[in-house]
file structure-v2.pdb (PDB, C-alpha atoms)
ATOM      1  CA  MET A  21      -3.826  -6.082 -32.259
ATOM      2  CA  HIS A  22      -6.126  -8.689 -30.828
ATOM      3  CA  LEU A  23      -7.332  -8.288 -27.227
ATOM      4  CA  TYR A  24      -8.146 -11.235 -25.004
ATOM      5  CA  ARG A  25     -10.527 -11.510 -22.084
ATOM      6  CA  PRO A  26      -8.855 -12.990 -19.002
ATOM      7  CA  LYS A  27     -10.680 -15.238 -16.564
ATOM      8  CA  VAL A  28     -13.001 -13.515 -14.125
ATOM      9  CA  LEU A  29     -10.758 -14.159 -11.113
ATOM     10  CA  VAL A  30      -7.773 -12.718 -12.984
ATOM     11  CA  CYS A  31      -9.845  -9.631 -13.848
ATOM     12  CA  VAL A  32     -10.751  -9.215 -10.173
ATOM     13  CA  ALA A  33      -7.085  -9.682  -9.224
ATOM     14  CA  MET A  34      -6.119  -7.002 -11.755
ATOM     15  CA  ALA A  35      -8.663  -4.650 -10.180
ATOM     16  CA  CYS A  36      -7.310  -5.420  -6.694
ATOM     17  CA  SER A  37      -3.787  -4.654  -7.922
ATOM     18  CA  GLY A  38      -4.880  -1.327  -9.374
ATOM     19  CA  VAL A  39      -6.773  -0.307  -6.242
ATOM     20  CA  ALA A  40      -3.862  -1.383  -4.026
ATOM     21  CA  LEU A  41      -1.503   0.727  -6.150
ATOM     22  CA  ALA A  42      -3.755   3.790  -5.835
ATOM     23  CA  ILE A  43      -4.188   3.320  -2.079
ATOM     24  CA  GLN A  44      -0.447   2.848  -1.482
ATOM     25  CA  LEU A  45       0.347   5.903  -3.595
ATOM     26  CA  ALA A  46      -2.089   7.990  -1.539
ATOM     27  CA  SER A  47      -0.555   6.589   1.640
ATOM     28  CA  VAL A  48       3.013   7.355   0.621
ATOM     29  CA  ILE A  49       2.390  10.941  -0.487
ATOM     30  CA  GLY A  50       0.075  11.735   2.418
ATOM     31  CA  THR A  51       0.900  13.192   5.807
ATOM     32  CA  GLY A  52      -1.385  11.086   7.969
ATOM     33  CA  TRP A  53       0.916   8.410   9.350
ATOM     34  CA  LEU A  54       1.226   9.845  12.847
ATOM     35  CA  MET A  55      -1.323  12.358  14.134
ATOM     36  CA  PHE A  56      -0.680  14.782  16.995
ATOM     37  CA  LYS A  57      -3.735  16.579  18.410
ATOM     38  CA  ASN A  58      -2.888  19.160  21.051
ATOM     39  CA  THR A  59      -5.105  21.427  23.099
ATOM     40  CA  TYR A  60      -3.530  24.529  24.594
ATOM     41  CA  ALA A  61      -5.337  27.513  26.137
ATOM     42  CA  GLY A  62      -8.612  26.492  24.551
ATOM     43  CA  TYR A  63      -7.183  26.063  21.048
ATOM     44  CA  THR A  64      -6.865  22.694  19.379
ATOM     45  CA  TYR A  65      -4.369  22.131  16.625
ATOM     46  CA  LEU A  66      -3.316  19.132  14.635
ATOM     47  CA  THR A  67       0.086  18.065  13.365
ATOM     48  CA  GLU A  68       0.306  15.271  10.801
ATOM     49  CA  ASN A  69       3.531  13.414  10.110
ATOM     50  CA  GLY A  70       3.945  11.400   6.943
ATOM     51  CA  LEU A  71       6.801   9.387   5.520
ATOM     52  CA  PHE A  72       8.151  12.250   3.398
ATOM     53  CA  ARG A  73       6.600  15.428   4.842
ATOM     54  CA  TYR A  74       4.594  16.864   7.716
ATOM     55  CA  CYS A  75       1.870  19.492   8.118
ATOM     56  CA  VAL A  76       0.977  21.741  11.046
ATOM     57  CA  GLU A  77      -2.672  22.771  10.904
ATOM     58  CA  PHE A  78      -2.325  25.685  13.339
ATOM     59  CA  THR A  79       0.183  27.503  11.119
ATOM     60  CA  GLY A  80      -0.935  25.986   7.820
ATOM     61  CA  ILE A  81       2.632  24.982   6.995
ATOM     62  CA  CYS A  82       3.573  21.754   5.242
ATOM     63  CA  SER A  83       7.204  20.891   4.793
ATOM     64  CA  THR A  84       9.507  18.034   3.877
ATOM     65  CA  TYR A  85      12.073  16.539   6.204
ATOM     66  CA  ASP A  86      15.039  18.629   5.029
ATOM     67  CA  LYS A  87      17.662  17.864   7.658
ATOM     68  CA  PRO A  88      18.966  14.296   7.302
ATOM     69  CA  GLU A  89      20.795  14.506  10.622
ATOM     70  CA  VAL A  90      17.500  14.734  12.550
ATOM     71  CA  PHE A  91      15.731  12.159  10.382
ATOM     72  CA  PRO A  92      16.347   8.691  11.883
ATOM     73  CA  ASP A  93      17.617   5.743   9.864
ATOM     74  CA  TRP A  94      14.488   3.696  10.543
ATOM     75  CA  ALA A  95      12.377   6.411   8.893
ATOM     76  CA  THR A  96      14.616   6.285   5.827
ATOM     77  CA  ALA A  97      14.112   2.515   5.769
ATOM     78  CA  CYS A  98      10.319   3.042   5.903
ATOM     79  CA  GLN A  99      10.587   5.439   2.959
ATOM     80  CA  THR A 100      12.672   2.916   1.036
ATOM     81  CA  PHE A 101      10.261   0.041   1.595
ATOM     82  CA  SER A 102       7.286   2.235   0.687
ATOM     83  CA  ILE A 103       8.911   3.120  -2.648
ATOM     84  CA  LEU A 104       9.836  -0.540  -3.252
ATOM     85  CA  ALA A 105       6.226  -1.543  -2.540
ATOM     86  CA  LEU A 106       4.972   1.086  -4.984
ATOM     87  CA  GLY A 107       7.334  -0.228  -7.646
ATOM     88  CA  ALA A 108       6.249  -3.826  -7.078
ATOM     89  CA  MET A 109       2.577  -2.846  -7.175
ATOM     90  CA  PHE A 110       3.091  -0.924 -10.391
ATOM     91  CA  GLY A 111       4.875  -3.946 -11.881
ATOM     92  CA  SER A 112       2.026  -6.219 -10.832
ATOM     93  CA  PHE A 113      -0.503  -3.863 -12.392
ATOM     94  CA  VAL A 114       1.441  -3.792 -15.675
ATOM     95  CA  VAL A 115       1.764  -7.590 -15.719
ATOM     96  CA  GLY A 116      -1.972  -7.790 -15.064
ATOM     97  CA  ILE A 117      -2.698  -5.528 -18.024
ATOM     98  CA  LEU A 118      -0.520  -7.778 -20.208
ATOM     99  CA  HIS A 119      -3.125 -10.518 -19.672
ATOM    100  CA  ILE A 120      -5.368  -8.599 -22.063
ATOM    101  CA  LEU A 121      -2.727  -8.608 -24.793
ATOM    102  CA  ARG A 122      -1.618 -12.257 -24.698
ATOM    103  CA  GLU A 123      -3.495 -15.465 -25.254
ATOM    104  CA  GLU A 124      -1.221 -17.748 -23.206
ATOM    105  CA  THR A 125      -0.989 -16.213 -19.740
ATOM    106  CA  GLN A 126      -0.040 -19.015 -17.354
ATOM    107  CA  GLY A 127       3.461 -17.583 -16.835
ATOM    108  CA  LEU A 128       2.166 -14.026 -16.515
ATOM    109  CA  THR A 129      -0.358 -15.046 -13.892
ATOM    110  CA  LEU A 130       2.281 -16.711 -11.759
ATOM    111  CA  LEU A 131       4.581 -13.689 -12.133
ATOM    112  CA  ALA A 132       1.774 -11.309 -11.130
ATOM    113  CA  ALA A 133       1.018 -13.398  -8.031
ATOM    114  CA  GLU A 134       4.687 -13.419  -7.015
ATOM    115  CA  VAL A 135       5.080  -9.671  -7.510
ATOM    116  CA  ASN A 136       1.960  -9.035  -5.419
ATOM    117  CA  MET A 137       3.386 -11.133  -2.603
ATOM    118  CA  VAL A 138       6.672  -9.218  -2.800
ATOM    119  CA  ALA A 139       4.713  -5.953  -2.533
ATOM    120  CA  ALA A 140       2.829  -7.306   0.490
ATOM    121  CA  VAL A 141       6.113  -8.233   2.178
ATOM    122  CA  TYR A 142       7.533  -4.752   1.510
ATOM    123  CA  ILE A 143       4.429  -3.180   3.039
ATOM    124  CA  ALA A 144       4.583  -5.509   6.030
ATOM    125  CA  VAL A 145       8.181  -4.435   6.667
ATOM    126  CA  GLU A 146       7.325  -0.753   6.154
ATOM    127  CA  VAL A 147       4.303  -0.786   8.480
ATOM    128  CA  GLY A 148       5.932  -3.072  11.032
ATOM    129  CA  LEU A 149       9.050  -0.931  11.260
ATOM    130  CA  PHE A 150       7.010   2.269  11.541
ATOM    131  CA  ALA A 151       4.726   0.808  14.211
ATOM    132  CA  GLY A 152       7.643  -0.716  16.114
ATOM    133  CA  LYS A 153       9.538   2.551  16.278
ATOM    134  CA  THR A 154       6.570   4.796  17.071
ATOM    135  CA  LYS A 155       4.490   2.623  19.416
ATOM    136  CA  ASP A 156       5.895   4.388  22.500
ATOM    137  CA  ARG A 157       4.589   7.726  21.207
ATOM    138  CA  ILE A 158       0.948   6.592  21.000
ATOM    139  CA  ARG A 159      -0.920   8.054  23.951
ATOM    140  CA  THR A 160      -3.979   9.987  25.037
ATOM    141  CA  THR A 161      -3.935  12.602  27.792
ATOM    142  CA  THR A 162      -6.226  15.473  28.693
ATOM    143  CA  SER A 163      -4.264  17.949  26.569
ATOM    144  CA  SER A 164      -2.889  15.812  23.739
ATOM    145  CA  THR A 165      -3.529  12.723  21.670
ATOM    146  CA  VAL A 166      -1.006  10.918  19.504
ATOM    147  CA  SER A 167      -2.350   8.197  17.235
ATOM    148  CA  TYR A 168      -1.728   6.400  13.982
ATOM    149  CA  GLY A 169      -3.416   8.210  11.142
ATOM    150  CA  TYR A 170      -5.353   7.310   8.050
ATOM    151  CA  ASP A 171      -2.292   6.827   5.814
ATOM    152  CA  PHE A 172      -0.910   4.192   8.176
ATOM    153  CA  TYR A 173      -4.131   2.220   7.845
ATOM    154  CA  LEU A 174      -4.332   2.838   4.094
ATOM    155  CA  SER A 175      -0.943   1.205   3.701
ATOM    156  CA  ILE A 176      -2.149  -1.821   5.655
ATOM    157  CA  ALA A 177      -5.217  -2.011   3.389
ATOM    158  CA  ALA A 178      -2.981  -1.854   0.292
ATOM    159  CA  GLY A 179      -0.938  -4.761   1.642
ATOM    160  CA  GLY A 180      -4.095  -6.748   2.288
ATOM    161  CA  LEU A 181      -5.333  -6.091  -1.243
ATOM    162  CA  SER A 182      -1.989  -7.253  -2.609
ATOM    163  CA  VAL A 183      -2.360 -10.550  -0.765
ATOM    164  CA  VAL A 184      -5.932 -10.921  -2.054
ATOM    165  CA  ALA A 185      -4.737 -10.178  -5.604
ATOM    166  CA  ALA A 186      -1.967 -12.776  -5.317
ATOM    167  CA  ILE A 187      -4.445 -15.416  -4.129
ATOM    168  CA  LEU A 188      -6.874 -14.554  -6.922
ATOM    169  CA  TYR A 189      -4.102 -14.759  -9.523
ATOM    170  CA  VAL A 190      -3.131 -18.216  -8.262
ATOM    171  CA  VAL A 191      -6.720 -19.454  -8.139
ATOM    172  CA  GLY A 192      -7.434 -17.885 -11.538
ATOM    173  CA  ARG A 193      -4.408 -19.654 -12.982
ATOM    174  CA  VAL A 194      -5.924 -23.085 -12.420
ATOM    175  CA  THR A 195      -7.381 -24.479 -15.613
ATOM    176  CA  VAL A 196     -11.017 -25.414 -15.454
ATOM    177  CA  ARG A 197     -12.152 -28.573 -17.171
ATOM    178  CA  TYR A 198     -15.744 -29.307 -17.852
ATOM    179  CA  TYR A 199     -16.906 -32.876 -18.031
ATOM    180  CA  TYR A 200     -20.165 -33.514 -19.756
ATOM    181  CA  GLN A 201     -21.994 -36.699 -19.191
ATOM    182  CA  GLN A 202     -23.567 -38.030 -22.332
ATOM    183  CA  LEU A 203     -27.072 -39.327 -21.946
TER
END
call {"tool": "encode", "arguments": {"input": "structure-v2.pdb", "output": "structure tokens"}}
result
Amino acid sequence: MHLYRPKVLVCVAMACSGVALAIQLASVIGTGWLMFKNTYAGYTYLTENGLFRYCVEFTGICSTYDKPEVFPDWATACQTFSILALGAMFGSFVVGILHILREETQGLTLLAAEVNMVAAVYIAVEVGLFAGKTKDRIRTTTSSTVSYGYDFYLSIAAGGLSVVAAILYVVGRVTVRYYYQQL
């Protein structure tokens, strides 16, 4: 099987897709979407809420959201869009890898750019819905702090990398013509 070397911009776009996939995966499986830091009687403890599970530092317990009746519909929608974004990012990464195996890649490059944009839209919906529904909880008082955590921002970074990858795929798709002037 013959392997081909894609254009430099397509290679960079493939790398962006792979990094975005890894970052989004870490964001989805993590517990750092919403952070609760409480101080009570001199003790400080941290509770981290993620999309699929939560952890309480004080007790050392991590658990999934087992009771669907107390889990709101908007949170289920966030979970759904996070999984859809992961699927789209994985698809984009696979299409990017196919550039190495095929000589004619104009169609693949356009497909990879479109899939990256779809992933970015899914992440925008996921993050926007989460932020919209939890913005009233964000606060800082003398005894407690509630803030967005690292996984929330990782998901935003993954969406940004997907947009960058899509742009690089489109720019890398343009054929370059060299004109030489004969002397």
call {"tool": "atom_distance", "arguments": {"input": "structure-v2.pdb", "atom1": "atom CA of Trp53 of chain A", "atom2": "atom CA of Gly70 of chain A"}}
result
4.9 Å
call {"tool": "residues_around", "arguments": {"input": "structure-v2.pdb", "residues": "Met34 of chain A", "least_positions_apart": "5", "cutoff": "10 Å", "atoms": "all atoms listed in the file", "output": "PDB file with C-alpha atoms, in the frame of the given file"}}
result
ATOM      1  CA  PRO A  26      -8.855 -12.990 -19.002  1.00  0.00           C
ATOM      2  CA  VAL A  28     -13.001 -13.515 -14.125  1.00  0.00           C
ATOM      3  CA  LEU A  29     -10.758 -14.159 -11.113  1.00  0.00           C
ATOM      4  CA  VAL A  39      -6.773  -0.307  -6.242  1.00  0.00           C
ATOM      5  CA  ALA A  40      -3.862  -1.383  -4.026  1.00  0.00           C
ATOM      6  CA  SER A 112       2.026  -6.219 -10.832  1.00  0.00           C
ATOM      7  CA  PHE A 113      -0.503  -3.863 -12.392  1.00  0.00           C
ATOM      8  CA  VAL A 114       1.441  -3.792 -15.675  1.00  0.00           C
ATOM      9  CA  VAL A 115       1.764  -7.590 -15.719  1.00  0.00           C
ATOM     10  CA  GLY A 116      -1.972  -7.790 -15.064  1.00  0.00           C
ATOM     11  CA  ILE A 117      -2.698  -5.528 -18.024  1.00  0.00           C
ATOM     12  CA  HIS A 119      -3.125 -10.518 -19.672  1.00  0.00           C
ATOM     13  CA  ALA A 132       1.774 -11.309 -11.130  1.00  0.00           C
ATOM     14  CA  ALA A 185      -4.737 -10.178  -5.604  1.00  0.00           C
ATOM     15  CA  ALA A 186      -1.967 -12.776  -5.317  1.00  0.00           C
ATOM     16  CA  LEU A 188      -6.874 -14.554  -6.922  1.00  0.00           C
ATOM     17  CA  TYR A 189      -4.102 -14.759  -9.523  1.00  0.00           C
TER      18      TYR A 189
END
call {"tool": "resolve_selection", "arguments": {"input": "structure-v2.pdb", "expression": "the PyMOL selection byres ((chain A and resi 54) around 12)", "output": "MDAnalysis selection string"}}
result
chainID A and resid 47 50:53 55:57 66:75 147 150:151 153:155 157:159 165:173
call {"tool": "resolve_selection", "arguments": {"input": "structure-v2.pdb", "expression": "the PyMOL selection byres ((chain A and resi 126) around 10)", "output": "list in words"}}
result
His119, Glu123, Glu124, Thr125, Gly127, Leu128, Thr129, Leu130, Leu131, Tyr189, Val190, Gly192, Arg193, Val194 and Thr195 of chain A
call {"tool": "atom_distance", "arguments": {"input": "structure-v2.pdb", "atom1": "atom CA of Ile43 of chain A", "atom2": "atom CA of Tyr85 of chain A"}}
result
22.5 Å
call {"tool": "closest_residue", "arguments": {"input": "structure-v2.pdb", "among": "A:Val32, A:Leu23, A:Leu149, A:Leu181", "to": "Trp94 of chain A", "atoms": "only C-alpha atoms"}}
result
A:Leu149
call {"tool": "resolve_selection", "arguments": {"input": "structure-v2.pdb", "expression": "the PyMOL selection byres ((chain A and resi 101) around 10)", "output": "PyMOL selection string"}}
result
chain A and resi 95-100+102-107+139+141-147+149
call {"tool": "closest_residue", "arguments": {"input": "structure-v2.pdb", "among": "A:Lys27, A:Ala42, A:Val184, A:Ser163", "to": "Tyr60 of chain A", "atoms": "all atoms listed in the file"}}
result
A:Ser163
